[in-house]
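Asks: Here you go, this is run-v3.pdb (PDB, C-alpha atoms, pLDDT in the B column).
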ATOM      1  CA  MET A1202     136.202  86.097 125.376  1.00 68.00           C
ATOM      2  CA  LYS A1203     133.451  88.200 126.897  1.00 77.00           C
ATOM      3  CA  GLN A1204     132.934  91.499 125.051  1.00 82.00           C
ATOM      4  CA  SER A1205     130.453  93.373 127.239  1.00 84.00           C
ATOM      5  CA  ASN A1206     129.993  93.436 131.007  1.00 88.00           C
ATOM      6  CA  THR A1207     126.292  94.252 130.687  1.00 88.00           C
ATOM      7  CA  VAL A1208     125.389  91.154 128.649  1.00 85.00           C
ATOM      8  CA  SER A1209     125.694  87.646 130.019  1.00 87.00           C
ATOM      9  CA  SER A1210     127.618  85.029 128.043  1.00 88.00           C
ATOM     10  CA  SER A1211     125.854  82.195 129.877  1.00 91.00           C
ATOM     11  CA  ARG A1212     124.164  79.662 127.570  1.00 94.00           C
ATOM     12  CA  ARG A1213     121.282  79.236 129.986  1.00 96.00           C
ATOM     13  CA  LYS A1214     120.577  82.975 130.279  1.00 93.00           C
ATOM     14  CA  SER A1215     120.951  83.525 126.517  1.00 93.00           C
ATOM     15  CA  ARG A1216     118.404  80.784 125.768  1.00 95.00           C
ATOM     16  CA  LYS A1217     116.000  82.182 128.352  1.00 95.00           C
ATOM     17  CA  ALA A1218     116.292  85.693 126.881  1.00 94.00           C
ATOM     18  CA  TYR A1219     115.785  84.384 123.321  1.00 95.00           C
ATOM     19  CA  LEU A1220     112.820  82.132 124.098  1.00 95.00           C
ATOM     20  CA  SER A1221     111.006  84.563 126.393  1.00 96.00           C
ATOM     21  CA  ALA A1222     111.646  87.678 124.270  1.00 96.00           C
ATOM     22  CA  PRO A1223     108.719  90.051 123.643  1.00 97.00           C
ATOM     23  CA  SER A1224     107.292  90.457 120.151  1.00 96.00           C
ATOM     24  CA  HIS A1225     109.231  93.607 119.227  1.00 96.00           C
ATOM     25  CA  GLN A1226     112.539  91.855 119.998  1.00 96.00           C
ATOM     26  CA  ARG A1227     111.450  88.683 118.179  1.00 97.00           C
ATOM     27  CA  ARG A1228     110.978  90.781 115.028  1.00 96.00           C
ATOM     28  CA  ILE A1229     114.674  91.711 115.144  1.00 96.00           C
ATOM     29  CA  ASN A1230     115.685  88.119 115.986  1.00 96.00           C
ATOM     30  CA  MET A1231     113.749  86.950 112.912  1.00 96.00           C
ATOM     31  CA  SER A1232     116.048  88.672 110.438  1.00 96.00           C
ATOM     32  CA  ALA A1233     117.200  87.201 107.150  1.00 97.00           C
ATOM     33  CA  ALA A1234     120.153  87.985 104.914  1.00 97.00           C
ATOM     34  CA  LEU A1235     119.643  89.873 101.678  1.00 97.00           C
ATOM     35  CA  SER A1236     120.670  88.380  98.334  1.00 97.00           C
ATOM     36  CA  LYS A1237     123.918  89.586  96.765  1.00 96.00           C
ATOM     37  CA  GLU A1238     122.079  91.884  94.340  1.00 96.00           C
ATOM     38  CA  LEU A1239     119.982  93.515  97.086  1.00 96.00           C
ATOM     39  CA  ARG A1240     123.031  93.778  99.337  1.00 94.00           C
ATOM     40  CA  LYS A1241     124.884  95.646  96.622  1.00 94.00           C
ATOM     41  CA  LYS A1242     121.892  97.859  95.798  1.00 94.00           C
ATOM     42  CA  TYR A1243     121.010  98.927  99.361  1.00 94.00           C
ATOM     43  CA  GLY A1244     124.359  98.530 101.158  1.00 92.00           C
ATOM     44  CA  VAL A1245     122.694  96.479 103.914  1.00 94.00           C
ATOM     45  CA  ARG A1246     123.447  92.877 104.865  1.00 95.00           C
ATOM     46  CA  SER A1247     120.227  91.736 106.588  1.00 95.00           C
ATOM     47  CA  LEU A1248     116.710  92.898 107.460  1.00 95.00           C
ATOM     48  CA  PRO A1249     113.829  91.722 109.653  1.00 96.00           C
ATOM     49  CA  ILE A1250     111.624  89.558 107.462  1.00 96.00           C
ATOM     50  CA  ARG A1251     107.982  90.454 106.789  1.00 95.00           C
ATOM     51  CA  ARG A1252     104.980  89.149 104.937  1.00 95.00           C
ATOM     52  CA  ASP A1253     105.045  89.515 101.119  1.00 94.00           C
ATOM     53  CA  ASP A1254     108.851  89.424 100.916  1.00 95.00           C
ATOM     54  CA  GLU A1255     110.119  86.861  98.418  1.00 97.00           C
ATOM     55  CA  VAL A1256     112.659  84.429  99.852  1.00 97.00           C
ATOM     56  CA  THR A1257     114.761  81.433  98.888  1.00 97.00           C
ATOM     57  CA  VAL A1258     115.430  78.706 101.448  1.00 96.00           C
ATOM     58  CA  VAL A1259     119.147  77.944 101.281  1.00 96.00           C
ATOM     59  CA  ARG A1260     119.574  75.458 104.153  1.00 95.00           C
ATOM     60  CA  GLY A1261     117.731  72.317 105.163  1.00 93.00           C
ATOM     61  CA  GLN A1262     115.792  69.788 103.138  1.00 94.00           C
ATOM     62  CA  HIS A1263     113.070  72.181 101.878  1.00 93.00           C
ATOM     63  CA  LYS A1264     115.006  74.336  99.380  1.00 94.00           C
ATOM     64  CA  VAL A1265     112.276  76.324  97.624  1.00 95.00           C
ATOM     65  CA  SER A1266     111.586  79.901  96.557  1.00 96.00           C
ATOM     66  CA  GLY A1267     108.373  81.758  97.230  1.00 96.00           C
ATOM     67  CA  LYS A1268     106.518  84.554  98.939  1.00 97.00           C
ATOM     68  CA  VAL A1269     106.281  84.764 102.751  1.00 97.00           C
ATOM     69  CA  THR A1270     102.657  84.205 103.745  1.00 96.00           C
ATOM     70  CA  CYS A1271     103.033  84.431 107.529  1.00 95.00           C
ATOM     71  CA  CYS A1272     105.649  85.461 110.110  1.00 95.00           C
ATOM     72  CA  TYR A1273     104.890  83.360 113.175  1.00 96.00           C
ATOM     73  CA  ARG A1274     106.787  85.243 115.887  1.00 96.00           C
ATOM     74  CA  ARG A1275     105.628  82.986 118.694  1.00 96.00           C
ATOM     75  CA  LYS A1276     107.293  79.950 117.080  1.00 96.00           C
ATOM     76  CA  TYR A1277     110.182  81.868 115.440  1.00 97.00           C
ATOM     77  CA  VAL A1278     109.222  80.558 111.978  1.00 97.00           C
ATOM     78  CA  ILE A1279     107.955  81.881 108.663  1.00 97.00           C
ATOM     79  CA  HIS A1280     105.578  80.158 106.257  1.00 97.00           C
ATOM     80  CA  ILE A1281     106.264  80.219 102.520  1.00 97.00           C
ATOM     81  CA  GLU A1282     103.444  79.911  99.989  1.00 94.00           C
ATOM     82  CA  ARG A1283     104.287  76.618  98.245  1.00 90.00           C
ATOM     83  CA  LEU A1284     105.949  74.918 101.194  1.00 94.00           C
ATOM     84  CA  THR A1285     103.293  72.574 102.607  1.00 95.00           C
ATOM     85  CA  LEU A1286     102.980  69.011 103.825  1.00 95.00           C
ATOM     86  CA  ASP A1287      99.982  66.782 103.061  1.00 96.00           C
ATOM     87  CA  LYS A1288      98.664  64.873 106.068  1.00 96.00           C
ATOM     88  CA  PRO A1289      97.234  61.347 105.721  1.00 96.00           C
ATOM     89  CA  ASN A1290      93.675  62.709 106.030  1.00 96.00           C
ATOM     90  CA  GLY A1291      94.269  64.982 103.011  1.00 94.00           C
ATOM     91  CA  GLN A1292      94.693  68.192 104.985  1.00 96.00           C
ATOM     92  CA  SER A1293      97.544  70.510 103.970  1.00 95.00           C
ATOM     93  CA  VAL A1294      99.814  72.028 106.644  1.00 96.00           C
ATOM     94  CA  ASN A1295     102.415  74.779 106.311  1.00 96.00           C
ATOM     95  CA  ILE A1296     106.026  73.911 107.108  1.00 96.00           C
ATOM     96  CA  GLY A1297     107.795  76.439 109.318  1.00 96.00           C
ATOM     97  CA  ILE A1298     111.263  77.658 108.352  1.00 96.00           C
ATOM     98  CA  HIS A1299     113.537  79.793 110.513  1.00 96.00           C
ATOM     99  CA  PRO A1300     114.394  83.085 108.742  1.00 96.00           C
ATOM    100  CA  SER A1301     118.143  82.593 109.258  1.00 96.00           C
ATOM    101  CA  ASN A1302     117.930  79.699 106.770  1.00 96.00           C
ATOM    102  CA  CYS A1303     116.493  82.000 104.084  1.00 96.00           C
ATOM    103  CA  VAL A1304     117.782  84.695 101.761  1.00 98.00           C
ATOM    104  CA  ILE A1305     115.520  87.606 100.832  1.00 97.00           C
ATOM    105  CA  THR A1306     115.398  87.933  97.042  1.00 97.00           C
ATOM    106  CA  LYS A1307     112.721  90.649  96.697  1.00 96.00           C
ATOM    107  CA  LEU A1308     111.625  93.214  99.282  1.00 95.00           C
ATOM    108  CA  LYS A1309     108.169  94.601  99.899  1.00 94.00           C
ATOM    109  CA  LEU A1310     108.991  98.273 100.265  1.00 94.00           C
ATOM    110  CA  ASP A1311     106.985 101.013 101.923  1.00 93.00           C
ATOM    111  CA  LYS A1312     108.099 104.334 103.389  1.00 95.00           C
ATOM    112  CA  ASP A1313     108.976 102.843 106.796  1.00 95.00           C
ATOM    113  CA  ARG A1314     111.043 100.048 105.265  1.00 95.00           C
ATOM    114  CA  LEU A1315     112.882 102.533 103.017  1.00 95.00           C
ATOM    115  CA  ALA A1316     113.635 104.694 106.064  1.00 95.00           C
ATOM    116  CA  LEU A1317     114.992 101.614 107.872  1.00 94.00           C
ATOM    117  CA  LEU A1318     117.246 100.798 104.905  1.00 94.00           C
ATOM    118  CA  GLU A1319     118.560 104.375 104.868  1.00 93.00           C
ATOM    119  CA  ARG A1320     119.326 104.282 108.613  1.00 92.00           C
ATOM    120  CA  LYS A1321     121.117 100.949 108.339  1.00 92.00           C
ATOM    121  CA  ARG A1322     123.115 102.090 105.298  1.00 91.00           C
ATOM    122  CA  ALA A1323     124.146 105.318 107.053  1.00 89.00           C
ATOM    123  CA  GLY A1324     125.329 103.345 110.084  1.00 83.00           C
ATOM    124  CA  ALA A1325     127.312 100.917 107.927  1.00 78.00           C
ATOM    125  CA  GLN A1326     128.977 103.745 105.971  1.00 78.00           C
ATOM    126  CA  ALA A1327     129.936 105.554 109.174  1.00 78.00           C
ATOM    127  CA  GLY A1328     131.729 102.391 110.293  1.00 70.00           C
ATOM    128  CA  LYS A1329     129.585 102.235 113.412  1.00 62.00           C
ATOM    129  CA  GLY A1330     130.745  99.516 115.782  1.00 65.00           C
ATOM    130  CA  LYS A1331     133.877  98.721 113.788  1.00 66.00           C
ATOM    131  CA  LEU A1332     137.144  98.717 115.730  1.00 71.00           C
ATOM    132  CA  THR A1333     140.455  99.261 114.011  1.00 74.00           C
ATOM    133  CA  GLN A1334     143.797  97.877 115.154  1.00 76.00           C
ATOM    134  CA  GLU A1335     144.734 101.304 116.608  1.00 79.00           C
ATOM    135  CA  ASP A1336     141.558 101.424 118.720  1.00 75.00           C
ATOM    136  CA  VAL A1337     142.365  98.095 120.341  1.00 74.00           C
ATOM    137  CA  GLN A1338     145.901  99.065 121.392  1.00 73.00           C
TER     138      GLN A1338
END
Would you write the structure of this file as structure tokens?

Replies:
Amino acid sequence: MKQSNTVSSSRRKSRKAYLSAPSHQRRINMSAALSKELRKKYGVRSLPIRRDDEVTVVRGQHKVSGKVTCCYRRKYVIHIERLTLDKPNGQSVNIGIHPSNCVITKLKLDKDRLALLERKRAGAQAGKGKLTQEDVQ
């Protein structure tokens, strides 16, 4: 069932919006879930991924842990430090992983990231966006 009249539920329009999104929206689209410990500590479920975060790949055939070396917004992938493929000519190439298939295990924190965590925690505690049974009827 359609929730909002201002947002299209068309598959075609959703794909077009996702694949032609500008860089600042791609940052939000490239979010990853936090590990259970971090989720408990910060009261936040997911965050946009960034370089120097430590992640674990939990889906797909490349299940490894490591540090994020590059966030490739144009291709919607991240590169992890030990996740490479050796080509027949001996050259090493990074394998791209979508952030939704990863779990953040260690955050690189600075003042802006801490402020973001505080804002997200405050919104979650206020119950922002949550509808109760009484609101629906």

Asks: Can you tell me, as a ChimeraX atom specification, what residues are no more than 12 Å from region 1283-1295 of chain A when counting all atoms listed in the file, ignoring any on the same chain fewer than 4 positions away?

Replies: /A:1255-1258,1262-1273,1278-1279

Asks: Restricting the calculation to all atoms listed in the file, which member of A:Asp1313, A:Glu1319, A:Glu1282, A:Glu1335 is positioned closest to Asp1254 (chain A)?

Replies: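 That would be A:Glu1282, the residue with the smallest distance to Asp1254 (chain A).
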
Asks: I'd like the contact shell of Arg1314 (chain A) - 12 Å cut-off, only C-alpha atoms, skipping same-chain residues fewer than 4 positions apart - returned as a PDB file with C-alpha atoms, in the frame of the given file.

Replies:
ATOM      1  CA  TYR A1243     121.010  98.927  99.361  1.00 94.00           C
ATOM      2  CA  LEU A1248     116.710  92.898 107.460  1.00 95.00           C
ATOM      3  CA  PRO A1249     113.829  91.722 109.653  1.00 96.00           C
ATOM      4  CA  ILE A1250     111.624  89.558 107.462  1.00 96.00           C
ATOM      5  CA  ARG A1251     107.982  90.454 106.789  1.00 95.00           C
ATOM      6  CA  ASP A1254     108.851  89.424 100.916  1.00 95.00           C
ATOM      7  CA  LEU A1308     111.625  93.214  99.282  1.00 95.00           C
ATOM      8  CA  LYS A1309     108.169  94.601  99.899  1.00 94.00           C
ATOM      9  CA  LEU A1310     108.991  98.273 100.265  1.00 94.00           C
ATOM     10  CA  LEU A1318     117.246 100.798 104.905  1.00 94.00           C
ATOM     11  CA  GLU A1319     118.560 104.375 104.868  1.00 93.00           C
ATOM     12  CA  ARG A1320     119.326 104.282 108.613  1.00 92.00           C
ATOM     13  CA  LYS A1321     121.117 100.949 108.339  1.00 92.00           C
TER      14      LYS A1321
END

Asks: Counting all atoms listed in the file, figure out which residue out of A:Ser1205, A:Ala1234, A:Gly1328, A:Val1337 gets nearest to His1299 (chain A).

Replies: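 Checking each of A:Ser1205, A:Ala1234, A:Gly1328, A:Val1337 against His1299 (chain A), counting all atoms listed in the file, the winner is A:Ala1234.
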
Asks: I'd like to know which of A:Leu1239, A:Leu1332, A:Ala1233, A:Ile1296 is closest to Lys1276 (chain A), using all atoms listed in the file.

Replies: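 Residue with the minimum atom-to-atom distance to Lys1276 (chain A): A:Ile1296.
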
Asks: One decimal, in Å: what's the spacing between CA of Gly1244 (chain A) and CA of Gly1324 (chain A)?

Replies: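 If I compute the distance from CA of Gly1244 (chain A) to CA of Gly1324 (chain A), I get 10.2 Å.
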
Asks: Do you have the CA of Ala1325 (chain A)-CA of Lys1242 (chain A) distance handy?

Replies: 13.6 Å

Asks: Distance CA of Val1304 (chain A)-CA of Arg1260 (chain A), one decimal place?

Replies: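 Pair CA of Val1304 (chain A) / CA of Arg1260 (chain A) returns 9.7 Å.
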